[in-house]
Amino acid sequence: MPDLLIDNARLITWNDPNELLESSALLLRDGRIHDLGPAAELGPRYPDAERLDARGQLVMPGNICAHTHFYGAFARGMAIPGPAPKDFPDILERLWWRLDRALLDIDVEYSALVSLVDAIKHGTTTLIDHHASPNAIDSSLDQIADAVEQAGVRAVLCYEVTDRNGPAGAQAGISENVRFGHAVAERGGDLLRATFGLHASLSLSDRTLERSVAAAQGLGMGCHIHVAEHEADEYDSRQQHGRRVVDRLAALGVLGPRSIVAHCVHVDGREMELLRESGTWVTHQPRSNMNNAVGAAPVESMLRLGIPVCLGNDGMGNAMWAEWKEAYFMHKQAHRDPRRMNGMDVAQMAVYNNRALAEVFWPDLPLGRLAVGAAADVIFVDYHAITPLTAGNLPWHLIFGFESSMVTTTIVGGRVLMRDRQLLTLDEAAITARSRELATKVWRRYEELSI
């Protein structure tokens, strides 16, 4: 891959502290940022480099998503038969636990592809996915991995182990995580990584959790699990196991500095202490939480305690700036207090904590920043501020001014995936046409399962 010089750029570094560098340039070499500085200096320094004119746009690190579900893409626009679900457990049983059973291998592949088209178009370059397809488990993570490599983004993949489909289904999920854990090492490269997927406490027996933790530890992995998204998870754990969810997971070895727990909407003070003490990562998904009416997680309290809370999207779409906006607004509304959820707290989750989590999986590859030696994961944003834009007020410009449609160019590892809004690695028209055909069949199978 030849050197690529990005010039005529306004750089947002997202370093700590953040910097806004006018009239600047970046030199990308061998998948990393090799040099950066004033455009007037870098141009003459690298006369033979291929040039990409940013035309005065903002150039910044690509977005990172800490928790998503590619397979959820095929739920868009789908009607749930019968009356509207009354609560989140009803949504799980009537929507997600039937939709995932309706997926075949080809659906897994295309739900990933459409999600990756969405990610590239909206400047999201690294994603941590959590997959489920009970009737197409074996090699399902390879289907997603092939799509990720075709797209050219980075992704951490896992399969959702659960007991809700019987002992054979639970074992197949464990086996798929183990198989892919070995397979991803054999694939090599810097795009793919693996973790160990678990659904939630309410659908996992002690025996399955023990077997999963042992398998994950054997691979040097942590776990990726949903925690206390709804009160039902806590009620089930208290009734079935005599303790709250996080206490149970801590006792069984699920938590730790390589593990991710999604949501944590209904954790109490002691559970938060356990999360902090174990170094476990928490992910916040405000759009999904509002859609499912499960409540507002105590994010500010967790951040104050020193828990590394990250920002995901739960499969709601890979326009991560939409998640920024909802995180900012949701907590003000939930508490009826405009002082809640400072913009810098949102940036802490979405930028600094998300990249620290990503670097658990890529420890030798600095992500989410513009700095010499960092990954060459870069996006161009056609945003021209109508008021002063500084490194200090950037979060509020992003929340009130940025739109994901402003992303014009997406680069991962120095490879241009989208240039001037034209996708270069994926054929969006062909993928969406095929996905519509497949989704029609998925919906038909879903309806048959709903009867």
# chains A, B, ... in the order shown; residues from 1 in each chain; ligands from 1

$ residues_around --residues "Asp382 of chain A" --least-positions-apart "4" --cutoff "7 Å" --atoms "only C-alpha atoms" --output "mmCIF file with N, CA and C atoms, in the first residue's frame"
data_model
loop_
_atom_site.group_PDB
_atom_site.id
_atom_site.type_symbol
_atom_site.label_atom_id
_atom_site.label_comp_id
_atom_site.auth_asym_id
_atom_site.auth_seq_id
_atom_site.Cartn_x
_atom_site.Cartn_y
_atom_site.Cartn_z
ATOM 1 N N GLN A 57 -11.916 20.164 5.133
ATOM 2 C CA GLN A 57 -12.828 19.449 6.025
ATOM 3 C C GLN A 57 -12.130 19.092 7.343
ATOM 4 N N LEU A 58 -12.952 18.759 8.350
ATOM 5 C CA LEU A 58 -12.412 18.212 9.582
ATOM 6 C C LEU A 58 -11.948 16.785 9.311
ATOM 7 N N MET A 406 -22.636 13.983 7.339
ATOM 8 C CA MET A 406 -21.518 14.868 6.997
ATOM 9 C C MET A 406 -20.224 14.108 6.766
ATOM 10 N N VAL A 407 -20.186 12.817 7.083
ATOM 11 C CA VAL A 407 -18.990 12.022 6.821
ATOM 12 C C VAL A 407 -18.862 11.807 5.315
ATOM 13 N N THR A 408 -17.729 12.187 4.753
ATOM 14 C CA THR A 408 -17.537 12.064 3.306
ATOM 15 C C THR A 408 -16.512 11.005 2.926
#

$ residues_around --residues "Arg419 of chain A" --least-positions-apart "4" --cutoff "9 Å" --atoms "only C-alpha atoms" --output "NGL selection string"
:A and (408-411 or 423-424)

$ write_last_selection --atoms "C-alpha atoms" --output "PDB file, in the first residue's frame"
ATOM      1  CA  THR A 408     -17.537  12.064   3.306  1.00  0.00           C
ATOM      2  CA  THR A 409     -14.487   9.770   3.512  1.00  0.00           C
ATOM      3  CA  THR A 410     -13.697   6.739   5.691  1.00  0.00           C
ATOM      4  CA  ILE A 411     -10.247   5.156   5.964  1.00  0.00           C
ATOM      5  CA  LEU A 423     -18.193   3.209  -1.134  1.00  0.00           C
ATOM      6  CA  LEU A 424     -15.130   1.460  -2.540  1.00  0.00           C
TER       7      LEU A 424
END

$ residues_around --residues "segment 336-347 of chain A" --least-positions-apart "6" --cutoff "8 Å" --atoms "only C-alpha atoms" --output "list in words"
Glu300, Trp324, Ala327, Tyr328, Phe329, Pro395, Trp396 and Ile399 of chain A

$ write_last_selection --atoms "C-alpha atoms" --output "PDB file, in the first residue's frame"
ATOM      1  CA  GLU A 300     -22.924   9.461  35.864  1.00  0.00           C
ATOM      2  CA  TRP A 324     -23.908  10.852  21.516  1.00  0.00           C
ATOM      3  CA  ALA A 327     -26.929  10.077  25.723  1.00  0.00           C
ATOM      4  CA  TYR A 328     -26.739  13.824  26.294  1.00  0.00           C
ATOM      5  CA  PHE A 329     -30.504  14.399  26.182  1.00  0.00           C
ATOM      6  CA  PRO A 395     -18.433  17.952  22.199  1.00  0.00           C
ATOM      7  CA  TRP A 396     -21.232  20.525  22.070  1.00  0.00           C
ATOM      8  CA  ILE A 399     -24.072  17.114  19.828  1.00  0.00           C
TER       9      ILE A 399
END

$ closest_residue --among "A:Pro286, A:Gly123, A:Gly373, A:Gly31" --to "Val299 of chain A" --atoms "only C-alpha atoms"
A:Pro286

$ select_by_dssp --residues "segment 216-268 of chain A" --states "strand (DSSP E)" --output "list of chain:residue names"
A:Cys223, A:His224, A:Ile225, A:His226, A:Val227, A:Ile260, A:Val261, A:Ala262, A:His263

$ write_last_selection --atoms "N, CA and C atoms" --output "short mmCIF file (atom, residue, chain, number, x, y, z; two decimals), in the first residue's frame"
data_model
loop_
_atom_site.label_atom_id
_atom_site.label_comp_id
_atom_site.auth_asym_id
_atom_site.auth_seq_id
_atom_site.Cartn_x
_atom_site.Cartn_y
_atom_site.Cartn_z
N CYS A 223 -15.53 -12.07 28.77
CA CYS A 223 -16.88 -12.34 28.30
C CYS A 223 -17.59 -11.05 27.91
N HIS A 224 -18.61 -11.19 27.09
CA HIS A 224 -19.44 -10.07 26.63
C HIS A 224 -20.88 -10.47 26.90
N ILE A 225 -21.55 -9.81 27.87
CA ILE A 225 -22.86 -10.25 28.36
C ILE A 225 -23.75 -9.06 28.66
N HIS A 226 -25.07 -9.24 28.50
CA HIS A 226 -26.04 -8.22 28.89
C HIS A 226 -26.31 -8.34 30.39
N VAL A 227 -26.40 -7.20 31.07
CA VAL A 227 -26.59 -7.20 32.52
C VAL A 227 -27.67 -6.19 32.92
N ILE A 260 -16.97 -7.38 29.11
CA ILE A 260 -17.87 -6.27 28.80
C ILE A 260 -19.26 -6.63 29.29
N VAL A 261 -19.88 -5.73 30.05
CA VAL A 261 -21.27 -5.92 30.45
C VAL A 261 -22.09 -4.79 29.86
N ALA A 262 -23.11 -5.15 29.10
CA ALA A 262 -23.92 -4.15 28.39
C ALA A 262 -25.12 -3.74 29.23
N HIS A 263 -25.39 -2.46 29.23
CA HIS A 263 -26.58 -1.81 29.80
C HIS A 263 -26.45 -1.45 31.29
#

$ atom_distance --atom1 "atom CA of Ala168 of chain A" --atom2 "atom CA of Asp138 of chain A"
12.1 Å

$ residues_around --residues "Ile144 of chain A" --least-positions-apart "5" --cutoff "9 Å" --atoms "only C-alpha atoms" --output "list in words"
Phe70, Val108, Glu109, Tyr110, Ser111, Ala112, Leu113, Glu149 and Leu157 of chain A

$ closest_atom_pairs --of "segment 229-323 of chain A" --to "segment 204-221 of chain A" --cutoff "10 Å" --atoms "only C-alpha atoms" --output "tab-separated table"
residue	atom	partner	partner_atom	distance
A:Gln240	CA	A:Ser205	CA	9.4
A:His241	CA	A:Asp206	CA	8.8
A:Arg248	CA	A:Asp206	CA	9.0
A:Leu249	CA	A:Leu209	CA	8.5
A:Leu252	CA	A:Glu210	CA	6.5
A:Gly253	CA	A:Val213	CA	6.6
A:Val254	CA	A:Val213	CA	6.2
A:Leu255	CA	A:Val213	CA	9.6
A:Gly256	CA	A:Met221	CA	9.9
A:Pro257	CA	A:Met221	CA	9.9
A:Arg258	CA	A:Met221	CA	6.6
A:Ser259	CA	A:Met221	CA	7.9

$ closest_residue --among "A:Met320, A:Arg445, A:Cys310, A:Met349" --to "Asp118 of chain A" --atoms "only C-alpha atoms"
A:Met320

$ select_by_dssp --residues "segment 186-255 of chain A" --states "helix (DSSP H, G or I)" --output "count of residues only"
36

$ residues_around --residues "Leu27 of chain A" --least-positions-apart "4" --cutoff "9 Å" --atoms "only C-alpha atoms" --output "PyMOL selection string"
chain A and resi 3-7+32-36+42+46+49

$ write_last_selection --atoms "N, CA and C atoms" --output "short mmCIF file (atom, residue, chain, number, x, y, z; two decimals), in the first residue's frame"
data_model
loop_
_atom_site.label_atom_id
_atom_site.label_comp_id
_atom_site.auth_asym_id
_atom_site.auth_seq_id
_atom_site.Cartn_x
_atom_site.Cartn_y
_atom_site.Cartn_z
N ASP A 3 2.28 5.17 0.34
CA ASP A 3 2.04 6.24 1.32
C ASP A 3 0.87 7.10 0.85
N LEU A 4 0.08 7.57 1.81
CA LEU A 4 -1.06 8.43 1.50
C LEU A 4 -0.93 9.71 2.33
N LEU A 5 -0.85 10.83 1.63
CA LEU A 5 -0.74 12.12 2.30
C LEU A 5 -2.10 12.81 2.25
N ILE A 6 -2.69 13.03 3.41
CA ILE A 6 -3.94 13.78 3.53
C ILE A 6 -3.57 15.21 3.86
N ASP A 7 -3.86 16.12 2.94
CA ASP A 7 -3.48 17.51 3.19
C ASP A 7 -4.70 18.43 3.12
N ARG A 32 -0.59 2.85 9.55
CA ARG A 32 -0.50 3.72 10.72
C ARG A 32 -0.25 5.16 10.30
N ILE A 33 -0.44 6.05 11.27
CA ILE A 33 -0.10 7.45 11.04
C ILE A 33 1.40 7.59 11.23
N HIS A 34 2.08 7.93 10.15
CA HIS A 34 3.54 8.02 10.19
C HIS A 34 4.03 9.42 10.55
N ASP A 35 3.24 10.42 10.18
CA ASP A 35 3.66 11.81 10.44
C ASP A 35 2.42 12.69 10.41
N LEU A 36 2.47 13.80 11.13
CA LEU A 36 1.44 14.81 11.03
C LEU A 36 2.03 16.15 11.39
N LEU A 42 4.58 19.10 5.48
CA LEU A 42 4.50 17.70 5.10
C LEU A 42 4.47 17.50 3.60
N TYR A 46 7.15 14.76 1.69
CA TYR A 46 6.76 13.48 1.09
C TYR A 46 6.27 13.72 -0.34
N ALA A 49 4.35 10.75 -2.22
CA ALA A 49 3.15 10.13 -1.63
C ALA A 49 1.92 10.42 -2.48
#

$ residues_around --residues "Ala375 of chain A" --least-positions-apart "2" --cutoff "12 Å" --atoms "only C-alpha atoms" --output "ChimeraX atom specification"
/A:26-35,60-62,125-126,153-154,190-191,355,358-359,362-373,377-378,411-415

$ atom_distance --atom1 "atom CA of Glu447 of chain A" --atom2 "atom CA of Pro134 of chain A"
16.5 Å

$ closest_atom_pairs --of "segment 175-207 of chain A" --to "segment 139-142 of chain A" --cutoff "9 Å" --atoms "only C-alpha atoms" --output "CSV"
residue,atom,partner,partner_atom,distance
A:Glu176,CA,A:Ser139,CA,6.7
A:Asn177,CA,A:Leu141,CA,8.2
A:Arg179,CA,A:Ser139,CA,8.2
A:Phe180,CA,A:Leu141,CA,6.7
A:Ala183,CA,A:Asp142,CA,8.4
A:Val184,CA,A:Asp142,CA,8.8

$ closest_atom_pairs --of "segment 142-201 of chain A" --to "segment 427-434 of chain A" --cutoff "12 Å" --atoms "only C-alpha atoms" --output "Markdown table"
| residue | atom | partner | partner_atom | distance |
| --- | --- | --- | --- | --- |
| A:Ala147 | CA | A:Ile431 | CA | 11.1 |
| A:Gln150 | CA | A:Asp427 | CA | 10.5 |
| A:Ala151 | CA | A:Asp427 | CA | 9.7 |

$ residues_around --residues "Ala79 of chain A" --least-positions-apart "2" --cutoff "10 Å" --atoms "only C-alpha atoms" --output "short mmCIF file (atom, residue, chain, number, x, y, z; two decimals) with C-alpha atoms, in the first residue's frame"
data_model
loop_
_atom_site.label_atom_id
_atom_site.label_comp_id
_atom_site.auth_asym_id
_atom_site.auth_seq_id
_atom_site.Cartn_x
_atom_site.Cartn_y
_atom_site.Cartn_z
CA ALA A 75 -35.80 -6.22 12.25
CA ARG A 76 -36.04 -2.77 10.68
CA GLY A 77 -39.66 -2.04 9.72
CA PRO A 81 -47.92 -9.75 15.37
CA GLY A 82 -50.62 -9.11 17.95
CA ALA A 84 -47.82 -4.14 21.19
CA LEU A 95 -39.31 -10.21 18.69
CA TRP A 443 -39.97 -12.30 8.16
CA GLU A 447 -44.28 -15.19 11.45
#

$ atom_distance --atom1 "atom CA of Ser201 of chain A" --atom2 "atom CA of Thr162 of chain A"
9.1 Å
